[in-house]
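Working notes, beginning with the structure itself.
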Amino acid sequence: MHRGLRVGAVIPARDEERAIGAVVAGLAALTDQEGRPVVDDLVVCDNGSGDRTAAHARAAGARVVREEQPGYGIACRTAIAALRPVDVVLFTDGDGSFLPHQSLRLLEAVAEGAHLAVGSRALGHRQPGALSLPQRAGNRVAALLIQLRWGQRITDLGPYRAIRRTALETIGMRDQAYGWTVEMQVRAMREGLRIAEVPVDTLRRRGGRSKVGGTVRGVIGASVGILGTIAKLAGSTRSQKRSS
């Protein structure tokens, strides 16, 4: 619990046996000033792993659910559905690219009034090679399109983020793949929710291979998913304006 808010952590993971244990343990070890755990519930969605991701996550203290259909979004949704009642949902990756203690920055932003707090890798420190050139370029293009269409400046679509559970229910997430993060931000903008960007550091030494920046297929898939989601949401916004 953080400042009276019950916190549930969600970690979508596929073939992350080398890192997932440390990620789970790092979040589970976070305590407040009174020594109480910050994270009240922690769910890892094993998204069709062929290794011992699930076993390592359980050994570190997580509850684990399995989702065979591949997709970042559907893995997040499966984990969310398994969460116990919480006030804030914290999202992070299972590859060890983020520092668990920096989740406190995200939770603090929510406690201070933000509906959605996004960890910005662009505002934080990045180890050399932490983000590939296509990842950095894709972020900039997506951020520019969002600013042009919705008039709000952002610096990152990073997966390290926290959102109030009520806000998550309000925006009605639908994407099942790589468009999940951008959909969350755009839908929050459309609902007039308060969004905060918080600097977070990014590590290069992953426990496993990046599903996005580590392969050509991943880069192409993420780019198509993100840009396609932006186009879809922009189109639905225009349709709503015409019908109103």
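All residue names refer to the structure tokens as shown: chains lettered A, B, ... in order, residues numbered from 1 in each chain, ligands numbered from 1 in order.
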DSSP strand (DSSP E or B) residues within range 75-238 of chain A, listed as a PyMOL selection string: chain A and resi 88-91+116-120+126+161-164+195-199+202
Residues as selected, N, CA and C atoms, written as an mmCIF file, in the first residue's frame, can you do that?
```
data_model
loop_
_atom_site.group_PDB
_atom_site.id
_atom_site.type_symbol
_atom_site.label_atom_id
_atom_site.label_comp_id
_atom_site.auth_asym_id
_atom_site.auth_seq_id
_atom_site.Cartn_x
_atom_site.Cartn_y
_atom_site.Cartn_z
ATOM 1 N N VAL A 88 -4.696 1.025 -7.429
ATOM 2 C CA VAL A 88 -3.740 1.410 -8.469
ATOM 3 C C VAL A 88 -3.156 0.152 -9.087
ATOM 4 N N VAL A 89 -3.047 0.159 -10.418
ATOM 5 C CA VAL A 89 -2.406 -0.950 -11.122
ATOM 6 C C VAL A 89 -1.059 -0.460 -11.641
ATOM 7 N N LEU A 90 0.001 -1.161 -11.266
ATOM 8 C CA LEU A 90 1.358 -0.847 -11.679
ATOM 9 C C LEU A 90 1.789 -1.851 -12.742
ATOM 10 N N PHE A 91 2.283 -1.347 -13.869
ATOM 11 C CA PHE A 91 2.746 -2.207 -14.955
ATOM 12 C C PHE A 91 4.255 -2.094 -15.092
ATOM 13 N N LEU A 116 -3.056 8.697 -14.454
ATOM 14 C CA LEU A 116 -2.101 7.830 -15.127
ATOM 15 C C LEU A 116 -0.705 8.436 -15.015
ATOM 16 N N ALA A 117 0.252 7.640 -14.563
ATOM 17 C CA ALA A 117 1.649 8.077 -14.495
ATOM 18 C C ALA A 117 2.463 7.176 -15.411
ATOM 19 N N VAL A 118 3.140 7.786 -16.375
ATOM 20 C CA VAL A 118 3.925 7.043 -17.357
ATOM 21 C C VAL A 118 5.406 7.257 -17.085
ATOM 22 N N GLY A 119 6.152 6.180 -16.960
ATOM 23 C CA GLY A 119 7.583 6.281 -16.781
ATOM 24 C C GLY A 119 8.250 6.626 -18.102
ATOM 25 N N SER A 120 8.856 7.797 -18.165
ATOM 26 C CA SER A 120 9.484 8.250 -19.404
ATOM 27 C C SER A 120 10.967 7.890 -19.429
ATOM 28 N N ARG A 126 19.456 6.514 -19.649
ATOM 29 C CA ARG A 126 19.457 5.265 -20.407
ATOM 30 C C ARG A 126 20.890 4.765 -20.545
ATOM 31 N N ARG A 161 4.487 1.984 -15.867
ATOM 32 C CA ARG A 161 3.426 2.964 -15.646
ATOM 33 C C ARG A 161 2.498 2.519 -14.528
ATOM 34 N N ALA A 162 1.739 3.471 -14.004
ATOM 35 C CA ALA A 162 0.747 3.178 -12.967
ATOM 36 C C ALA A 162 -0.522 3.944 -13.295
ATOM 37 N N ILE A 163 -1.660 3.318 -13.058
ATOM 38 C CA ILE A 163 -2.947 3.938 -13.366
ATOM 39 C C ILE A 163 -3.951 3.583 -12.277
ATOM 40 N N ARG A 164 -4.773 4.529 -11.939
ATOM 41 C CA ARG A 164 -5.845 4.231 -10.979
ATOM 42 C C ARG A 164 -6.792 3.191 -11.590
ATOM 43 N N ILE A 195 -2.619 13.124 -16.784
ATOM 44 C CA ILE A 195 -1.493 12.243 -17.096
ATOM 45 C C ILE A 195 -0.197 12.916 -16.665
ATOM 46 N N ALA A 196 0.627 12.167 -15.956
ATOM 47 C CA ALA A 196 1.936 12.680 -15.530
ATOM 48 C C ALA A 196 3.030 11.813 -16.134
ATOM 49 N N GLU A 197 4.106 12.450 -16.575
ATOM 50 C CA GLU A 197 5.292 11.730 -17.019
ATOM 51 C C GLU A 197 6.349 11.818 -15.926
ATOM 52 N N VAL A 198 6.941 10.687 -15.615
ATOM 53 C CA VAL A 198 7.919 10.587 -14.535
ATOM 54 C C VAL A 198 9.213 10.007 -15.104
ATOM 55 N N PRO A 199 10.359 10.635 -14.853
ATOM 56 C CA PRO A 199 11.618 10.080 -15.359
ATOM 57 C C PRO A 199 11.917 8.713 -14.748
ATOM 58 N N THR A 202 16.623 3.302 -17.639
ATOM 59 C CA THR A 202 16.493 2.087 -18.434
ATOM 60 C C THR A 202 17.836 1.385 -18.499
#
```
Residue list (helix (DSSP H, G or I), DSSP) for range 85-180 of chain A, as JSON, numbers by chain: {"A": [100, 101, 102, 103, 104, 105, 106, 107, 108, 109, 110, 111, 133, 134, 135, 136, 137, 138, 139, 140, 141, 142, 143, 144, 145, 146, 147, 148, 149, 150, 165, 166, 167, 168, 169, 170, 171, 180]}
Among the residues A:Arg204, A:His115, A:Ala60, A:Gly158, the one that comes closest to Ala188 in chain A [using only C-alpha atoms]: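 Ranking A:Arg204, A:His115, A:Ala60, A:Gly158 by distance to Ala188 in chain A, first place goes to A:His115.
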From A:Gly73, A:Gly124, A:Gly61, A:Gly48, residue lying nearest Leu99 in chain A [only C-alpha atoms]: A:Gly124
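Here CA of Gln135 in chain A and CA of Thr155 in chain A stand 12.6 Å from one another.
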Close residues, Cys45 in chain A itself excluded, 8 Å, only C-alpha atoms, min 3 positions apart in chain, as a PyMOL selection string: chain A and resi 10-13+64-67+75-76+78-79
Atom pair CA of Arg121 in chain A / CA of Tyr178 in chain A: separation (Å):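 CA of Tyr178 in chain A lies 17.4 Å from CA of Arg121 in chain A.
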Given only C-alpha atoms as the counted atoms, nearest of A:Leu131, A:Leu83, A:Ala25, A:Ala234 to Ser97 in chain A: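 Result for the nearest residue to Ser97 in chain A: A:Leu131.
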Selection near Glu17 in chain A, 10 Å with only C-alpha atoms, sequence-local residues under 5 positions removed, as an NGL selection string: :A and (22 or 49-57 or 94-95 or 207-208)
